[in-house]
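As provided, entry-v4.cif (mmCIF, C-alpha atoms) reads as follows.
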```cif
data_work
#
loop_
_atom_site.label_atom_id
_atom_site.label_comp_id
_atom_site.auth_asym_id
_atom_site.auth_seq_id
_atom_site.Cartn_x
_atom_site.Cartn_y
_atom_site.Cartn_z
CA MET R 1 9.75 43.56 -23.13
CA THR R 2 8.97 40.25 -24.71
CA SER R 3 6.84 38.06 -22.55
CA PHE R 4 6.34 34.33 -22.24
CA ARG R 5 3.69 32.03 -20.90
CA LEU R 6 4.13 31.31 -17.21
CA LYS R 7 2.24 28.78 -15.16
CA ILE R 8 2.61 28.59 -11.41
CA VAL R 9 1.03 25.54 -9.79
CA THR R 10 1.10 24.19 -6.25
CA PRO R 11 -0.86 21.38 -4.60
CA ASP R 12 -3.27 24.11 -3.49
CA GLY R 13 -4.11 25.07 -7.00
CA LEU R 14 -3.17 27.07 -10.05
CA PHE R 15 -1.68 30.35 -8.83
CA PHE R 16 -0.93 32.04 -12.08
CA ASP R 17 -1.39 31.31 -15.74
CA GLY R 18 -0.54 34.06 -18.15
CA GLN R 19 2.12 36.21 -19.71
CA ALA R 20 5.15 37.25 -17.70
CA GLU R 21 8.36 39.01 -18.62
CA LYS R 22 10.79 37.86 -16.01
CA VAL R 23 10.95 35.17 -13.36
CA ARG R 24 13.58 35.17 -10.68
CA VAL R 25 13.67 32.26 -8.26
CA ARG R 26 16.00 30.64 -5.78
CA THR R 27 17.05 27.19 -6.96
CA ILE R 28 19.04 24.58 -5.05
CA ASP R 29 22.09 26.11 -6.67
CA GLY R 30 21.42 29.83 -6.25
CA ASP R 31 19.21 32.43 -7.88
CA VAL R 32 18.32 32.20 -11.54
CA CYS R 33 16.42 34.58 -13.75
CA ILE R 34 14.44 33.37 -16.72
CA LEU R 35 13.64 35.68 -19.62
CA ALA R 36 11.70 35.04 -22.79
CA ARG R 37 13.17 32.67 -25.38
CA HIS R 38 15.13 30.71 -22.84
CA LEU R 39 16.30 27.33 -24.03
CA ASP R 40 14.73 24.18 -22.59
CA TYR R 41 15.72 24.06 -19.00
CA ALA R 42 15.02 22.24 -15.76
CA THR R 43 16.10 22.84 -12.23
CA ALA R 44 14.96 22.08 -8.70
CA LEU R 45 13.85 24.92 -6.46
CA GLY R 46 15.30 25.71 -3.08
CA MET R 47 13.75 27.99 -0.50
CA GLY R 48 13.68 31.69 -1.18
CA LYS R 49 12.14 34.80 -2.51
CA ALA R 50 10.73 34.71 -6.01
CA SER R 51 10.23 37.85 -8.05
CA ILE R 52 7.99 37.80 -11.06
CA THR R 53 7.62 40.66 -13.49
CA ILE R 54 4.18 40.93 -15.03
CA ASP R 55 3.37 43.92 -17.25
CA GLY R 56 6.39 45.78 -15.99
CA LYS R 57 5.35 45.37 -12.36
CA VAL R 58 7.37 43.19 -10.01
CA ARG R 59 5.52 40.92 -7.63
CA HIS R 60 7.36 39.17 -4.86
CA ALA R 61 6.52 35.82 -3.35
CA ALA R 62 7.85 33.20 -0.98
CA CYS R 63 8.57 30.06 -2.96
CA ILE R 64 9.62 26.81 -1.33
CA GLY R 65 10.58 23.54 -2.98
CA GLY R 66 9.52 22.08 -6.27
CA MET R 67 10.85 22.57 -9.75
CA LEU R 68 11.14 25.01 -12.60
CA SER R 69 11.05 23.89 -16.19
CA VAL R 70 11.13 25.62 -19.54
CA THR R 71 9.72 23.63 -22.44
CA GLY R 72 9.37 25.17 -25.87
CA GLY R 73 9.29 28.69 -24.46
CA GLU R 74 6.69 27.93 -21.80
CA VAL R 75 7.72 28.19 -18.19
CA ASN R 76 6.25 25.93 -15.55
CA LEU R 77 6.90 26.74 -11.93
CA VAL R 78 5.78 23.75 -9.90
CA ALA R 79 6.25 24.71 -6.26
CA THR R 80 5.50 22.97 -3.00
CA THR R 81 4.38 26.24 -1.47
CA PHE R 82 4.00 29.56 -3.19
CA GLU R 83 2.67 32.65 -1.47
CA TRP R 84 2.42 36.14 -2.87
CA ALA R 85 4.12 38.62 -0.55
CA ASP R 86 0.92 40.60 0.00
CA GLU R 87 -0.87 37.46 1.19
CA ILE R 88 1.71 36.48 3.78
CA ASP R 89 0.76 36.95 7.40
CA THR R 90 3.89 38.74 8.65
CA GLN R 91 2.95 38.50 12.30
CA ARG R 92 2.42 34.79 12.08
CA ALA R 93 5.74 34.30 10.32
CA GLN R 94 7.44 36.46 12.96
CA ARG R 95 5.89 34.39 15.75
CA SER R 96 6.83 31.17 14.03
CA LYS R 97 10.40 32.41 13.69
CA GLU R 98 10.64 33.33 17.37
CA GLU R 99 9.17 30.02 18.49
CA ALA R 100 11.57 28.05 16.32
CA GLU R 101 14.50 30.09 17.61
CA MET R 102 13.40 29.49 21.20
CA LYS R 103 13.26 25.79 20.54
CA LEU R 104 16.64 25.70 18.88
CA SER R 105 18.24 27.61 21.74
CA LYS R 106 17.48 24.62 23.96
CA GLN R 107 18.93 22.21 21.44
CA ASN R 108 20.44 19.72 23.84
CA ARG R 109 16.97 18.76 25.05
CA LEU R 110 15.65 17.86 21.61
CA ASP R 111 16.14 14.75 19.56
CA LYS R 112 17.39 14.86 15.98
CA GLN R 113 13.94 14.82 14.41
CA GLN R 114 12.75 17.75 16.52
CA ILE R 115 15.82 19.80 15.71
CA MET R 116 15.26 19.18 12.01
CA LEU R 117 11.63 20.19 12.27
CA ALA R 118 12.47 23.38 14.15
CA GLN R 119 15.19 24.26 11.66
CA ALA R 120 12.85 23.73 8.73
CA ARG R 121 10.27 25.90 10.45
CA LEU R 122 12.77 28.66 11.08
CA LYS R 123 13.88 28.55 7.45
CA ARG R 124 10.31 28.79 6.19
CA ALA R 125 9.58 31.72 8.49
CA LEU R 126 12.73 33.52 7.36
CA VAL R 127 11.87 33.00 3.70
CA ARG R 128 8.39 34.42 4.28
CA LEU R 129 9.68 37.44 6.16
CA ASN R 130 12.30 38.03 3.50
CA ALA R 131 9.69 37.95 0.76
CA THR R 132 7.58 40.65 2.40
CA GLU R 133 10.45 43.05 2.82
CA MET S 134 -53.63 -14.54 12.62
CA ALA S 135 -54.35 -11.30 10.81
CA GLY S 136 -53.59 -9.31 13.96
CA ALA S 137 -50.18 -10.89 14.40
CA SER S 138 -49.34 -10.23 10.79
CA MET S 139 -50.46 -6.61 11.20
CA LYS S 140 -48.06 -6.20 14.09
CA ASP S 141 -45.24 -7.82 12.11
CA ILE S 142 -45.75 -5.51 9.18
CA LYS S 143 -45.86 -2.47 11.43
CA LEU S 144 -42.56 -3.46 13.04
CA ARG S 145 -41.00 -3.98 9.65
CA ILE S 146 -42.17 -0.57 8.44
CA LYS S 147 -40.63 1.02 11.51
CA SER S 148 -37.30 -0.68 10.97
CA VAL S 149 -37.20 0.26 7.30
CA GLU S 150 -38.08 3.83 8.24
CA SER S 151 -35.20 4.10 10.66
CA THR S 152 -32.80 2.62 8.10
CA MET S 153 -34.04 5.16 5.60
CA GLN S 154 -33.32 7.94 8.06
CA ILE S 155 -29.72 6.74 8.32
CA THR S 156 -29.19 6.39 4.59
CA LYS S 157 -30.74 9.82 4.01
CA ALA S 158 -28.49 11.41 6.62
CA MET S 159 -25.44 9.68 5.12
CA GLU S 160 -26.39 10.91 1.69
CA LEU S 161 -26.68 14.48 2.93
CA VAL S 162 -23.36 14.29 4.76
CA ALA S 163 -21.66 12.79 1.70
CA SER S 164 -23.03 15.44 -0.64
CA SER S 165 -22.02 18.33 1.60
CA LYS S 166 -18.52 16.89 2.05
CA LEU S 167 -18.34 16.15 -1.66
CA ARG S 168 -18.59 19.85 -2.43
CA GLY S 169 -15.37 20.52 -0.50
CA ALA S 170 -13.63 17.46 -1.91
CA LYS S 171 -14.56 18.42 -5.46
CA LEU S 172 -13.06 21.85 -4.94
CA ARG S 173 -9.88 20.22 -3.68
CA VAL S 174 -9.68 17.97 -6.74
CA GLU S 175 -10.17 20.90 -9.07
CA ARG S 176 -7.45 22.83 -7.31
CA SER S 177 -4.94 19.99 -7.19
CA ARG S 178 -5.51 18.85 -10.76
CA PRO S 179 -3.34 21.42 -12.55
CA TYR S 180 -0.45 20.56 -10.22
CA PHE S 181 -0.94 16.86 -10.85
CA GLU S 182 -1.07 17.32 -14.61
CA VAL S 183 1.76 19.80 -15.00
CA LEU S 184 3.99 17.74 -12.73
CA TYR S 185 3.33 14.53 -14.62
CA GLN S 186 3.75 16.17 -18.01
CA THR S 187 6.99 17.91 -17.07
CA LEU S 188 8.55 14.80 -15.60
CA ALA S 189 7.51 12.78 -18.64
CA ASP S 190 9.05 15.43 -20.92
CA ILE S 191 12.27 15.40 -19.00
CA ALA S 192 12.48 11.64 -18.80
CA TYR S 193 11.86 11.43 -22.51
CA SER S 194 14.24 14.13 -23.67
CA THR S 195 17.07 13.00 -21.47
CA GLN S 196 18.67 9.67 -21.98
CA ASP S 197 22.20 10.88 -21.88
CA PHE S 198 22.60 10.38 -18.18
CA ASP S 199 22.03 7.60 -15.79
CA SER S 200 19.59 7.94 -12.96
CA PRO S 201 18.29 5.05 -10.89
CA TYR S 202 14.86 6.66 -11.24
CA ILE S 203 14.86 6.21 -14.99
CA ARG S 204 16.79 3.00 -15.44
CA ARG S 205 14.65 -0.05 -16.00
CA ARG S 206 15.90 -2.95 -14.01
CA GLU S 207 14.83 -6.52 -13.77
CA VAL S 208 11.55 -6.55 -11.88
CA LYS S 209 11.76 -8.76 -8.85
CA ARG S 210 9.30 -6.93 -6.72
CA THR S 211 6.58 -4.43 -7.41
CA CYS S 212 5.22 -1.92 -4.95
CA TYR S 213 1.69 -0.57 -5.11
CA VAL S 214 0.38 2.48 -3.33
CA VAL S 215 -3.28 1.64 -2.91
CA ILE S 216 -5.64 4.45 -1.92
CA ALA S 217 -9.02 3.16 -0.72
CA GLY S 218 -11.63 4.48 1.68
CA ASP S 219 -11.85 4.47 5.45
CA ARG S 220 -15.41 3.18 5.59
CA GLY S 221 -17.73 0.92 3.69
CA LEU S 222 -21.27 1.74 2.59
CA ALA S 223 -20.04 3.40 -0.56
CA GLY S 224 -21.41 1.00 -3.14
CA GLY S 225 -18.72 -0.75 -5.13
CA TYR S 226 -16.09 1.89 -4.42
CA ASN S 227 -13.65 -0.23 -2.43
CA ALA S 228 -14.44 -3.52 -4.18
CA ASN S 229 -13.89 -2.04 -7.65
CA LEU S 230 -10.59 -0.55 -6.62
CA PHE S 231 -9.31 -3.82 -5.16
CA LYS S 232 -10.47 -5.69 -8.24
CA ALA S 233 -8.53 -3.34 -10.53
CA ALA S 234 -5.48 -3.63 -8.30
CA ALA S 235 -5.69 -7.43 -8.15
CA ALA S 236 -5.93 -7.68 -11.95
CA HIS S 237 -2.78 -5.59 -12.27
CA MET S 238 -0.91 -7.45 -9.54
CA GLN S 239 -1.53 -10.88 -10.99
CA GLY S 240 1.56 -13.04 -11.06
CA LYS S 241 3.81 -10.42 -9.51
CA ASN S 242 5.74 -10.39 -6.32
CA VAL S 243 4.15 -7.44 -4.60
CA CYS S 244 4.27 -5.28 -1.54
CA VAL S 245 1.69 -2.63 -0.76
CA LEU S 246 1.58 0.76 0.88
CA PRO S 247 -2.07 1.04 1.82
CA LEU S 248 -3.86 4.33 2.43
CA GLY S 249 -7.28 4.06 4.00
CA LYS S 250 -8.54 1.64 6.64
CA LYS S 251 -10.23 -0.61 4.10
CA ALA S 252 -7.00 -1.05 2.16
CA VAL S 253 -5.07 -1.91 5.33
CA GLU S 254 -7.67 -4.50 6.33
CA TYR S 255 -7.90 -5.99 2.86
CA TYR S 256 -4.18 -6.54 2.32
CA GLU S 257 -3.54 -7.59 5.88
CA ARG S 258 -6.14 -10.32 5.56
CA ARG S 259 -4.47 -11.58 2.41
CA GLY S 260 -1.08 -11.69 4.04
CA ILE S 261 0.53 -9.27 1.61
CA GLU S 262 3.51 -7.42 2.97
CA LEU S 263 2.73 -3.83 3.97
CA LEU S 264 5.40 -1.14 3.76
CA SER S 265 3.83 1.01 6.41
CA LYS S 266 0.56 1.21 8.30
CA ASP S 267 1.03 4.81 9.39
CA PHE S 268 -1.33 6.23 6.84
CA ALA S 269 -4.42 4.20 7.65
CA GLU S 270 -6.79 7.16 7.70
CA VAL S 271 -7.05 8.55 4.23
CA ALA S 272 -9.24 11.42 5.45
CA GLU S 273 -6.33 12.69 7.54
CA VAL S 274 -3.67 12.54 4.86
CA ASP S 275 -2.50 16.06 4.01
CA VAL S 276 0.24 17.46 1.81
CA GLY S 277 2.78 17.02 4.61
CA SER S 278 2.11 13.31 4.99
CA CYS S 279 2.32 12.90 1.22
CA PHE S 280 5.87 14.20 1.45
CA GLU S 281 6.61 11.67 4.17
CA ILE S 282 5.22 8.91 1.98
CA ALA S 283 7.28 10.11 -0.97
CA LYS S 284 10.44 10.13 1.11
CA LEU S 285 9.76 6.61 2.32
CA LEU S 286 9.05 5.37 -1.21
CA SER S 287 12.03 6.98 -2.90
CA GLN S 288 14.41 5.72 -0.23
CA ALA S 289 13.05 2.19 -0.50
CA PHE S 290 13.25 2.37 -4.29
CA LEU S 291 16.87 3.48 -4.21
CA LYS S 292 17.73 0.75 -1.74
CA GLY S 293 16.30 -1.74 -4.18
CA GLU S 294 13.45 -2.94 -1.97
CA PHE S 295 11.25 -2.84 -5.03
CA ASP S 296 11.86 -2.24 -8.74
CA GLU S 297 8.56 -0.81 -9.89
CA LEU S 298 6.07 1.52 -8.28
CA TYR S 299 2.42 1.90 -9.16
CA LEU S 300 -0.30 4.14 -7.78
CA VAL S 301 -3.79 2.67 -7.53
CA TYR S 302 -6.51 5.26 -6.96
CA THR S 303 -10.00 6.09 -8.07
CA ASN S 304 -10.30 8.79 -10.68
CA PHE S 305 -13.09 11.26 -10.03
CA VAL S 306 -14.59 11.63 -13.50
CA SER S 307 -17.85 13.22 -12.45
CA MET S 308 -20.34 13.17 -9.59
CA LEU S 309 -21.77 9.93 -10.97
CA THR S 310 -18.75 8.21 -12.50
CA GLN S 311 -15.58 7.16 -10.74
CA THR S 312 -13.09 4.82 -12.33
CA PRO S 313 -10.32 2.90 -10.57
CA THR S 314 -6.98 3.67 -12.20
CA VAL S 315 -3.51 2.16 -12.02
CA LEU S 316 -0.73 4.63 -12.79
CA GLY S 317 2.95 3.81 -13.20
CA MET S 318 5.18 6.09 -11.11
CA LEU S 319 8.67 4.59 -11.06
CA PRO S 320 10.81 4.08 -13.02
CA LEU S 321 9.78 7.17 -14.94
CA GLU S 322 8.27 6.34 -18.25
CA TYR S 323 8.98 8.29 -21.29
CA ASN S 324 6.60 8.79 -24.10
CA ALA S 325 7.29 6.11 -26.68
CA GLU S 326 5.11 7.86 -29.23
CA ALA S 327 7.19 11.00 -29.18
CA GLU S 328 10.28 8.93 -29.75
CA LYS S 329 9.00 7.76 -33.10
CA THR S 330 9.04 11.29 -34.47
CA GLY S 331 12.77 11.24 -33.86
CA LYS S 332 12.94 14.75 -32.45
CA ARG S 333 14.81 14.78 -29.26
CA LYS S 334 15.17 18.19 -27.72
CA LEU S 335 18.21 19.10 -25.73
CA ARG S 336 17.67 20.41 -22.28
CA LEU S 337 19.87 22.26 -19.86
CA TYR S 338 20.01 21.06 -16.28
CA GLU S 339 21.32 23.10 -13.43
CA PRO S 340 23.34 22.08 -11.49
CA GLY S 341 23.19 18.72 -13.29
CA PRO S 342 20.65 16.12 -14.37
CA GLU S 343 21.38 13.82 -11.43
CA ALA S 344 21.07 16.57 -8.83
CA VAL S 345 17.88 17.87 -10.40
CA PHE S 346 16.37 14.43 -10.52
CA ASP S 347 17.30 13.58 -6.97
CA ALA S 348 15.57 16.75 -5.81
CA ILE S 349 12.55 16.53 -8.08
CA VAL S 350 11.56 12.87 -7.91
CA PRO S 351 10.47 12.81 -4.24
CA GLU S 352 8.53 15.99 -4.99
CA TYR S 353 6.95 14.32 -7.97
CA LEU S 354 5.97 11.25 -5.96
CA ALA S 355 4.46 13.44 -3.26
CA GLY S 356 2.51 15.39 -5.84
CA MET S 357 1.20 12.23 -7.47
CA VAL S 358 0.17 10.69 -4.16
CA TRP S 359 -1.53 13.92 -3.12
CA GLY S 360 -3.38 14.07 -6.42
CA GLY S 361 -4.41 10.44 -6.01
CA VAL S 362 -5.63 11.06 -2.47
CA SER S 363 -7.69 14.10 -3.51
CA GLU S 364 -9.25 12.20 -6.38
CA SER S 365 -9.95 9.13 -4.28
CA VAL S 366 -11.55 11.03 -1.40
CA ALA S 367 -13.88 12.82 -3.79
CA SER S 368 -14.65 9.52 -5.53
CA GLU S 369 -15.47 7.83 -2.25
CA LEU S 370 -17.92 10.55 -1.32
CA GLY S 371 -19.43 10.50 -4.78
CA ALA S 372 -19.84 6.73 -4.67
CA ARG S 373 -21.34 6.91 -1.19
CA ARG S 374 -23.78 9.58 -2.21
CA THR S 375 -24.98 7.54 -5.18
CA ALA S 376 -25.22 4.35 -3.11
CA MET S 377 -27.12 6.06 -0.31
CA ASP S 378 -29.45 7.77 -2.75
CA ALA S 379 -30.31 4.35 -4.23
CA ALA S 380 -30.74 2.89 -0.74
CA SER S 381 -33.11 5.68 0.33
CA LYS S 382 -35.17 5.18 -2.82
CA ASN S 383 -35.37 1.44 -2.21
CA ALA S 384 -36.42 2.05 1.38
CA GLY S 385 -39.16 4.39 0.18
CA GLU S 386 -40.46 1.73 -2.21
CA MET S 387 -40.39 -0.89 0.51
CA ILE S 388 -42.34 1.34 2.85
CA ASP S 389 -45.00 1.97 0.19
CA ASP S 390 -45.30 -1.75 -0.44
CA LEU S 391 -45.47 -2.58 3.24
CA SER S 392 -48.11 0.08 3.98
CA LEU S 393 -50.27 -1.39 1.25
CA ARG S 394 -49.97 -4.83 2.79
CA TYR S 395 -50.61 -3.38 6.23
CA ASN S 396 -53.83 -1.71 5.09
CA ARG S 397 -54.98 -4.89 3.39
CA ALA S 398 -54.33 -6.92 6.50
CA ARG S 399 -56.20 -4.33 8.61
CA GLN S 400 -59.17 -4.38 6.25
CA GLY S 401 -59.17 -8.17 6.26
CA ALA S 402 -59.22 -8.20 10.04
CA ILE S 403 -62.19 -5.75 10.20
CA THR S 404 -64.16 -7.72 7.62
CA GLN S 405 -63.59 -10.90 9.56
CA GLU S 406 -64.76 -9.27 12.77
CA ILE S 407 -67.96 -7.98 11.16
CA THR S 408 -68.66 -11.40 9.68
CA GLU S 409 -68.25 -12.94 13.11
CA ILE S 410 -70.59 -10.40 14.75
CA VAL S 411 -73.22 -10.80 12.05
CA ALA S 412 -73.01 -14.58 12.32
CA GLY S 413 -73.42 -14.31 16.10
CA ALA S 414 -76.52 -12.04 15.79
CA GLU S 415 -78.23 -14.41 13.35
CA GLN S 416 -78.09 -17.33 15.75
#
```
Please lay out the structure from this file as structure tokens.
Amino acid sequence: MTSFRLKIVTPDGLFFDGQAEKVRVRTIDGDVCILARHLDYATALGMGKASITIDGKVRHAACIGGMLSVTGGEVNLVATTFEWADEIDTQRAQRSKEEAEMKLSKQNRLDKQQIMLAQARLKRALVRLNATE
Amino acid sequence: MAGASMKDIKLRIKSVESTMQITKAMELVASSKLRGAKLRVERSRPYFEVLYQTLADIAYSTQDFDSPYIRRREVKRTCYVVIAGDRGLAGGYNANLFKAAAAHMQGKNVCVLPLGKKAVEYYERRGIELLSKDFAEVAEVDVGSCFEIAKLLSQAFLKGEFDELYLVYTNFVSMLTQTPTVLGMLPLEYNAEAEKTGKRKLRLYEPGPEAVFDAIVPEYLAGMVWGGVSESVASELGARRTAMDAASKNAGEMIDDLSLRYNRARQGAITQEITEIVAGAEQ
């Protein structure tokens, strides 16, 4: 398969810089898949599982927030957080999910800000767990 | 007379010695922290650069839609995000930054979002309006708080509280060089040079340019602020290390000089005593 240059950067550093064949990510508008020779493109990322095909092997990751752009055949994935599935601490994500659920079950005792925080936490945990599956 | 002077010199040597101990300790602390900060800068730099480049590309190649983030409007008020240090004793680090900021602010109606205790103090003293004082400790600013800052800034920008946004930070060039930098953040600038070539590439936006921009711009601001914070923290430590190194060296020189004077005074006192004894014996 034809490959293209892919760069994945987050505030924590450059995660990947090299040739890839396929990038599938969750955007704010649903999943998209980018192949080589895509036209110039820009979209904002949502929260979800990302699958990246490198040398015929698929690697999964949890990818939250940021943007994806294609410029002259080069793909830049600028994410807020990006974690390869094999580096995710499943137990921690599971715990985080349970704690957030506990909190949300007592919703009437929380203010708006706290509910939002707990919901965001639950979402992140779910994305992480989903990516490791 | 000589005795009193001997005592004075000895006291002075002691005080310089204890100062030197402090400056040496501060230098060591700064250089060990600098290692971590340098790593952070190196890791955040690709993000900073790719983000800036991509946004500039997009802003340049897309003028067929209207976004408040791109539109230039009459500038009534300018906002500056100023990232300074929490502490002094870092040579000209804070002073240089404020000087660069002041030169840029000249003649403008400004408000400031200060990061770092020194920046809060400085702008408070000058009676300049502060957007928020929640981020006074630059050492405690993390990615999460950068997103809070970005949210605050983009909301205020959309509400029209200010019409231009600049980031003032210190660029960490190397261990020895740090340069204060003023960077335009909003409205997004497009590359005027590329426009001259006349090639304007078309770009597909999903779901649409406005939606993409609304989602990306706060992200972009957060990324820029985070990059600025990483650079500035490393610069502060670098500046402090250099300043403390110079201070320790000066202290060493002073001690050498003072010991010489102390020995001279001691010798003078002994000679005088002998002369007095000899004179007494002769009588």
Next on the checklist: I want to know what sits within 6 Å of segment 362-373 of chain S, based on only C-alpha atoms, with residues of the same chain fewer than 2 positions away left out; could you give that as a list in words?
Outcome noted: Ala163, Leu167, Ala170, Lys171, Val174, Ala223, Tyr302, Thr303, Asn304, Phe305, Met308, Gln311, Trp359, Gly360, Thr375, Ala376 and Met377 of chain S
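Non-sequential neighbours of Ala42 of chain R (distance at most 8 Å, separation of 5 or more positions within a chain, all atoms listed in the file) are Met67, Leu68, Ser69 and Val70 of chain R; Arg336, Leu337, Tyr338, Glu339 and Val345 of chain S.
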Next on the checklist: If the PyMOL selection byres ((chain R and resi 26) around 7) were run on this exact file, what residues would it hold? Put them as JSON, numbers by chain.
Outcome noted: {"R": [25, 27, 28, 30, 31, 32, 45, 46, 47, 48, 49, 50]}
Mind dumping the selected residues with C-alpha atoms as a CSV table (one decimal), in the coordinates of the input?
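See result-v2.csv below for the written result:
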```
chain,number,residue,atom,x,y,z
R,25,VAL,CA,13.7,32.3,-8.3
R,27,THR,CA,17.0,27.2,-7.0
R,28,ILE,CA,19.0,24.6,-5.0
R,30,GLY,CA,21.4,29.8,-6.2
R,31,ASP,CA,19.2,32.4,-7.9
R,32,VAL,CA,18.3,32.2,-11.5
R,45,LEU,CA,13.8,24.9,-6.5
R,46,GLY,CA,15.3,25.7,-3.1
R,47,MET,CA,13.8,28.0,-0.5
R,48,GLY,CA,13.7,31.7,-1.2
R,49,LYS,CA,12.1,34.8,-2.5
R,50,ALA,CA,10.7,34.7,-6.0
```
Item to check | 7 Å contacts from chain R to chain S using only C-alpha atoms, as a count of residues only | outcome: 15
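The result of the PyMOL selection byres ((chain S and resi 387) around 12) on the shown file is Ile142, Arg145, Ile146, Lys147, Ser148, Val149, Glu150, Thr152, Met153, Ala380, Ser381, Lys382, Asn383, Ala384, Gly385, Glu386, Ile388, Asp389, Asp390, Leu391, Ser392, Leu393, Arg394 and Tyr395 of chain S.
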Next on the checklist: Running the PyMOL selection byres ((chain R and resi 1) around 10) on this model by hand, what would come out? Give it as a PyMOL selection string.
Outcome noted: chain R and resi 2-4+20-22+35-36+55-56
Next on the checklist: So, with only C-alpha atoms as the atoms that count, which of S:Pro313, S:Gly221, S:Pro247, S:Gly361 lies closest to Asp275 of chain S?
Outcome noted: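 Checking each candidate against Asp275 of chain S, we get S:Gly361 as the closest.
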Item to check | Expected answer as a ChimeraX atom specification: all residues with atoms within 12 Å of (16.6, 23.2, 22.1), only C-alpha atoms | outcome: /R:99-119
Checklist entry - For the atom pair atom CA of Arg204 of chain S and atom CA of Ile64 of chain R, what is the interatomic distance in Å to one decimal place? => result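 Between atom CA of Arg204 of chain S and atom CA of Ile64 of chain R the gap works out to 28.6 Å.
The space between atom CA of Leu300 of chain S and atom CA of Ser164 of chain S spans 26.4 Å.
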Checklist entry - Quick one: residues within 10 Å of Glu87 of chain R, all atoms listed in the file counted, chain neighbours fewer than 4 positions away excluded, as a ChimeraX atom specification? => result /R:61-62,83,132
Selection from above, C-alpha atoms, as an mmCIF file, in the frame of the given file, can you write it?
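What follows is the written file selection.cif:
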```
data_model
loop_
_atom_site.group_PDB
_atom_site.id
_atom_site.type_symbol
_atom_site.label_atom_id
_atom_site.label_comp_id
_atom_site.auth_asym_id
_atom_site.auth_seq_id
_atom_site.Cartn_x
_atom_site.Cartn_y
_atom_site.Cartn_z
ATOM 1 C CA ALA R 61 6.520 35.820 -3.350
ATOM 2 C CA ALA R 62 7.850 33.200 -0.980
ATOM 3 C CA GLU R 83 2.670 32.650 -1.470
ATOM 4 C CA THR R 132 7.580 40.650 2.400
#
```
Checklist entry - atom CA of Val245 of chain S and atom CA of Asp296 of chain S, how far apart in Å? => result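 Straight-line distance from atom CA of Asp296 of chain S to atom CA of Val245 of chain S works out to 12.9 Å.
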